[in-house]
Structures are given as structure tokens and as C-alpha cells.
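Chemist: What follows is coords.txt, compact mmCIF, C-alpha atoms.
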```
# COMPACT_ATOMS: atom_id res chain seq x y z
CA MET A 3 -17.70 12.42 -16.10
CA THR A 4 -16.44 9.14 -17.52
CA THR A 5 -17.31 5.74 -16.14
CA GLU A 6 -14.61 3.83 -17.99
CA PRO A 7 -11.90 2.35 -15.78
CA ASN A 8 -8.52 3.98 -16.07
CA ILE A 9 -5.19 2.18 -16.26
CA GLU A 10 -4.61 2.54 -12.49
CA ALA A 11 -7.96 0.89 -11.71
CA ALA A 12 -7.29 -1.89 -14.20
CA ALA A 13 -3.83 -2.49 -12.74
CA VAL A 14 -5.25 -2.66 -9.21
CA GLU A 15 -8.00 -5.06 -10.24
CA GLY A 16 -5.55 -7.22 -12.19
CA ALA A 17 -7.32 -6.61 -15.48
CA PRO A 18 -5.31 -6.52 -18.69
CA THR A 19 -4.27 -3.04 -19.76
CA GLY A 20 -3.53 -3.76 -23.40
CA GLY A 21 0.24 -3.75 -22.96
CA THR A 22 2.72 -6.29 -21.71
CA GLY A 23 1.36 -5.99 -18.18
CA PRO A 24 -0.22 -3.59 -15.72
CA ILE A 25 1.34 -0.15 -15.61
CA SER A 26 1.99 1.17 -12.15
CA PRO A 27 0.52 4.63 -11.52
CA ARG A 28 3.96 5.85 -10.49
CA SER A 29 5.60 5.10 -13.87
CA ARG A 30 2.69 6.23 -16.07
CA ILE A 31 3.19 9.52 -17.90
CA ARG A 32 0.18 11.60 -18.87
CA TRP A 33 1.37 12.51 -22.32
CA GLY A 34 -1.53 14.86 -23.05
CA TRP A 35 -0.64 17.14 -20.14
CA PHE A 36 3.06 16.87 -20.94
CA LEU A 37 2.68 17.82 -24.60
CA GLY A 38 0.04 20.46 -23.80
CA CYS A 39 2.40 22.19 -21.35
CA ILE A 40 5.23 22.18 -23.89
CA VAL A 41 3.02 23.61 -26.65
CA LEU A 42 1.54 26.30 -24.40
CA GLY A 43 4.98 27.20 -23.04
CA LEU A 44 6.48 27.54 -26.49
CA ALA A 45 3.45 29.55 -27.65
CA ALA A 46 3.85 31.93 -24.69
CA ILE A 47 7.57 32.42 -25.48
CA ILE A 48 6.82 33.11 -29.16
CA VAL A 49 4.01 35.55 -28.34
CA GLY A 50 6.36 37.31 -25.91
CA TRP A 51 9.01 37.52 -28.65
CA PHE A 52 6.60 39.39 -30.92
CA LEU A 53 5.35 41.67 -28.14
CA VAL A 54 8.86 42.92 -27.35
CA SER A 55 10.35 45.63 -29.51
CA PRO A 56 13.25 44.54 -31.73
CA THR A 57 15.74 46.54 -29.62
CA ASN A 58 14.77 44.70 -26.41
CA ARG A 59 14.71 41.15 -27.82
CA LEU A 60 18.18 40.25 -26.53
CA GLY A 61 17.06 41.07 -22.97
CA TYR A 62 13.86 39.11 -23.56
CA VAL A 63 15.82 36.01 -24.60
CA GLY A 64 18.00 36.31 -21.49
CA GLY A 65 14.91 36.64 -19.29
CA VAL A 66 13.24 33.64 -20.93
CA LEU A 67 16.35 31.49 -20.50
CA GLY A 68 16.66 32.57 -16.87
CA GLY A 69 13.00 31.67 -16.26
CA ILE A 70 13.40 28.30 -17.96
CA GLY A 71 16.52 27.53 -15.94
CA THR A 72 14.84 28.47 -12.66
CA THR A 73 11.79 26.37 -13.52
CA LEU A 74 13.88 23.33 -14.43
CA LEU A 75 15.90 23.66 -11.22
CA LEU A 76 12.75 23.87 -9.08
CA VAL A 77 11.07 20.97 -10.88
CA GLY A 78 14.19 18.84 -10.35
CA ILE A 79 14.25 19.64 -6.64
CA VAL A 80 10.51 18.92 -6.26
CA VAL A 81 10.80 15.59 -8.08
CA LEU A 82 13.81 14.59 -5.95
CA LEU A 83 12.04 15.49 -2.71
CA GLU A 84 8.81 13.79 -3.77
CA ARG A 85 10.61 10.57 -4.65
CA ARG A 86 12.52 10.55 -1.36
CA ILE A 87 9.38 11.24 0.68
CA VAL A 88 7.37 8.55 -1.11
CA ASP A 89 10.21 6.00 -0.95
CA THR A 90 10.68 6.66 2.77
CA ALA A 91 6.95 6.30 3.43
CA VAL A 92 6.85 3.04 1.45
CA LYS A 93 9.77 1.64 3.47
CA VAL A 94 8.14 2.60 6.78
CA VAL A 95 4.81 1.01 5.82
CA ARG A 96 6.52 -2.11 4.47
CA GLU A 97 8.54 -2.59 7.68
CA ALA A 98 5.50 -1.98 9.92
CA THR A 99 3.47 -4.50 7.91
CA LYS A 100 6.25 -7.07 8.10
CA GLU A 101 6.60 -6.65 11.87
CA ALA A 102 2.83 -6.90 12.39
CA ARG A 103 2.67 -10.06 10.27
CA ILE A 104 5.52 -11.64 12.25
CA ARG A 105 3.82 -10.79 15.58
CA THR A 106 0.49 -12.15 14.36
CA ASP A 107 2.06 -15.35 13.01
CA GLU A 108 3.85 -15.92 16.34
CA ALA A 109 0.62 -15.36 18.26
CA VAL A 110 -1.23 -17.87 16.06
CA ARG A 111 1.58 -20.43 16.40
CA ALA A 112 1.38 -20.10 20.19
CA GLN A 113 -2.38 -20.60 20.05
CA VAL A 114 -1.95 -23.69 17.85
CA ARG A 115 0.54 -25.22 20.30
CA ASP A 116 -1.79 -24.45 23.21
CA PHE A 117 -4.75 -25.93 21.32
CA GLU A 118 -2.83 -29.12 20.52
CA ASP A 119 -1.86 -29.53 24.18
CA ARG A 120 -5.44 -29.00 25.41
CA VAL A 121 -6.89 -31.44 22.85
CA ALA A 122 -4.31 -34.06 23.83
CA ARG A 123 -5.23 -33.64 27.53
CA VAL A 124 -8.95 -33.98 26.74
CA TRP A 125 -8.44 -37.18 24.75
CA GLU A 126 -6.22 -38.64 27.51
CA THR A 127 -8.76 -38.12 30.29
CA ALA A 128 -12.25 -38.26 28.74
CA THR A 129 -14.37 -40.91 27.06
CA PRO A 130 -14.36 -40.84 23.24
CA GLU A 131 -17.91 -39.40 23.06
CA ASN A 132 -17.17 -36.65 25.57
CA ALA A 133 -13.76 -35.98 24.03
CA ALA A 134 -15.26 -35.58 20.55
CA GLU A 135 -17.85 -33.07 21.79
CA GLU A 136 -15.26 -31.15 23.84
CA THR A 137 -12.89 -31.13 20.85
CA ARG A 138 -15.60 -29.65 18.60
CA ARG A 139 -16.27 -26.91 21.16
CA MET A 140 -12.54 -26.19 21.48
CA ILE A 141 -12.16 -26.07 17.68
CA ASP A 142 -14.93 -23.47 17.43
CA GLN A 143 -13.30 -21.31 20.12
CA PHE A 144 -9.86 -21.75 18.57
CA THR A 145 -11.10 -20.79 15.10
CA LYS A 146 -12.76 -17.65 16.45
CA ARG A 147 -9.58 -16.62 18.30
CA VAL A 148 -7.38 -17.16 15.22
CA VAL A 149 -9.74 -15.16 13.01
CA ASP A 150 -9.82 -12.41 15.62
CA VAL A 151 -6.02 -12.27 15.75
CA TYR A 152 -5.69 -12.00 11.97
CA THR A 153 -8.53 -9.52 11.52
CA GLY A 154 -7.86 -7.49 14.66
CA ASP A 155 -11.47 -7.88 15.81
CA ASP A 156 -10.73 -9.32 19.22
CA GLN A 157 -12.44 -7.03 21.73
CA THR A 158 -11.33 -9.05 24.76
CA PRO A 159 -8.59 -7.44 26.87
CA PRO A 160 -5.35 -9.50 26.65
CA GLY A 161 -5.38 -10.47 30.35
CA LYS A 162 -9.03 -11.64 30.26
CA ARG A 163 -8.92 -14.16 27.39
CA ASN A 164 -10.45 -17.56 28.10
CA PRO A 165 -7.90 -20.23 27.05
CA GLY A 166 -10.47 -23.01 26.71
```
Translate the structure described by the file into C-alpha cells.

Modeler:
Amino acid sequence: MTTEPNIEAAAVEGAPTGGTGPISPRSRIRWGWFLGCIVLGLAAIIVGWFLVSPTNRLGYVGGVLGGIGTTLLLVGIVVLLERRIVDTAVKVVREATKEARIRTDEAVRAQVRDFEDRVARVWETATPENAAEETRRMIDQFTKRVVDVYTGDDQTPPGKRNPG
């Protein structure tokens, strides 16, 4: 088992990969497997050629070509389906993330407006010493609520939140 980071790990961590930039795992080709499959496939075809009697070699060639054609067709279909499935999943996740970010940003903006209004009311009605202490308390509560909104840690039911 190797402990060296692979290109995918380096790309995720932002580390240099020795090329012009990080290589995404999707576009990386594992050349060893690719070349190994080609060599083994050609070796199997050649061994089959020698195992067949000279009178049956024309049928063997036709069978090999039919097998190769079927394999290429199936690989093409699988690659097409895989790409469509992955692309669709990426779009769904991207849209859901965008919508969640918009909702969260709107919720935080509403909390900021509410906080500004409450601080202004405190400073209008209280003495400076009392207003400063009340403002510090409100800032602590506001900060906790904003962090909870962005991290999703708020355990308080929506109708039971304390605005101040």
C-alpha cells in the first residue's frame, strides 16, 4: 500500500502536480491500464489465431471483428450514459447549492436589518453605558444566530427564536 499522494489528492489540496496545473480526476487517463488492456487484447487475438486450424481462420477473423465491434459499441454507450448521468447529477447539486446559498444570504440580510433596527432603538432610549452593554449582548446573540444559519447548527424551531 502506498502512502504517496496521487494526482487527485494533490489537485484537491491545491498542491502542484508537476504540470501546468491540477489535473481533474475526470480528465485523467490511466495509461498503464489502457496500454495493458490493448496489449493483453492483442495477445489474446494472436493466441486465438494460432489455436485455430488454418481452414477455420477466416471464420475466426470474422468472429474477432464481430466481438471487437460489439465491445466498442457497448463501451461507447456506457461512456455516453455515464457522462450524461454525471453531468445531470452535477447540475442538480450545483442548482441546489445555489438556491441554498441564496436562501441563507437572504436570511442573514434580514437578520442584519433587524439587528440594526434593534441597536438603533436601544441607543435612542437608553443611557450610553446601558446601551453599550446591551449592544454587546445583542452582538453576541446576533453572531451566534448568523453562524448557526450558515453552518446549519441552529437547533431552535423557527417559530421559537428569540429576536433579542

Chemist: How far is it from CA of Val110 in chain A to CA of Val148 in chain A, in Å with one decimal?

Modeler: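 Calculated distance between CA of Val110 in chain A and CA of Val148 in chain A is 6.2 Å.
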
Chemist: Rounded to one decimal in Å, what is the spacing between CA of Val151 in chain A and CA of Val121 in chain A?

Modeler: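 Result for CA of Val151 in chain A versus CA of Val121 in chain A: 20.5 Å, one decimal.
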
Chemist: So what do you get for CA of Arg139 in chain A versus CA of Ala102 in chain A, distance-wise?

Modeler: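 Separation between CA of Arg139 in chain A and CA of Ala102 in chain A: 29.0 Å.
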
Chemist: Counting only C-alpha atoms, which of A:Arg103, A:Arg123, A:Arg85, A:Arg115 gets nearest to Thr137 in chain A?

Modeler: A:Arg123

Chemist: If you count all atoms listed in the file, which residues fall within 10 Å of Gly50 in chain A, apart from same-chain ones fewer than 4 positions away, as a list in words?

Modeler: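 Result of the neighbour search: Leu44, Ala45, Ala46, Val54, Ser55, Arg59, Tyr62, Val63 and Val66 of chain A.
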
Chemist: Given the choices A:Arg86, A:Lys93, A:Arg147, A:Lys100, which gets closest to Gln113 in chain A if the distance is worked out from all atoms listed in the file?

Modeler: A:Arg147
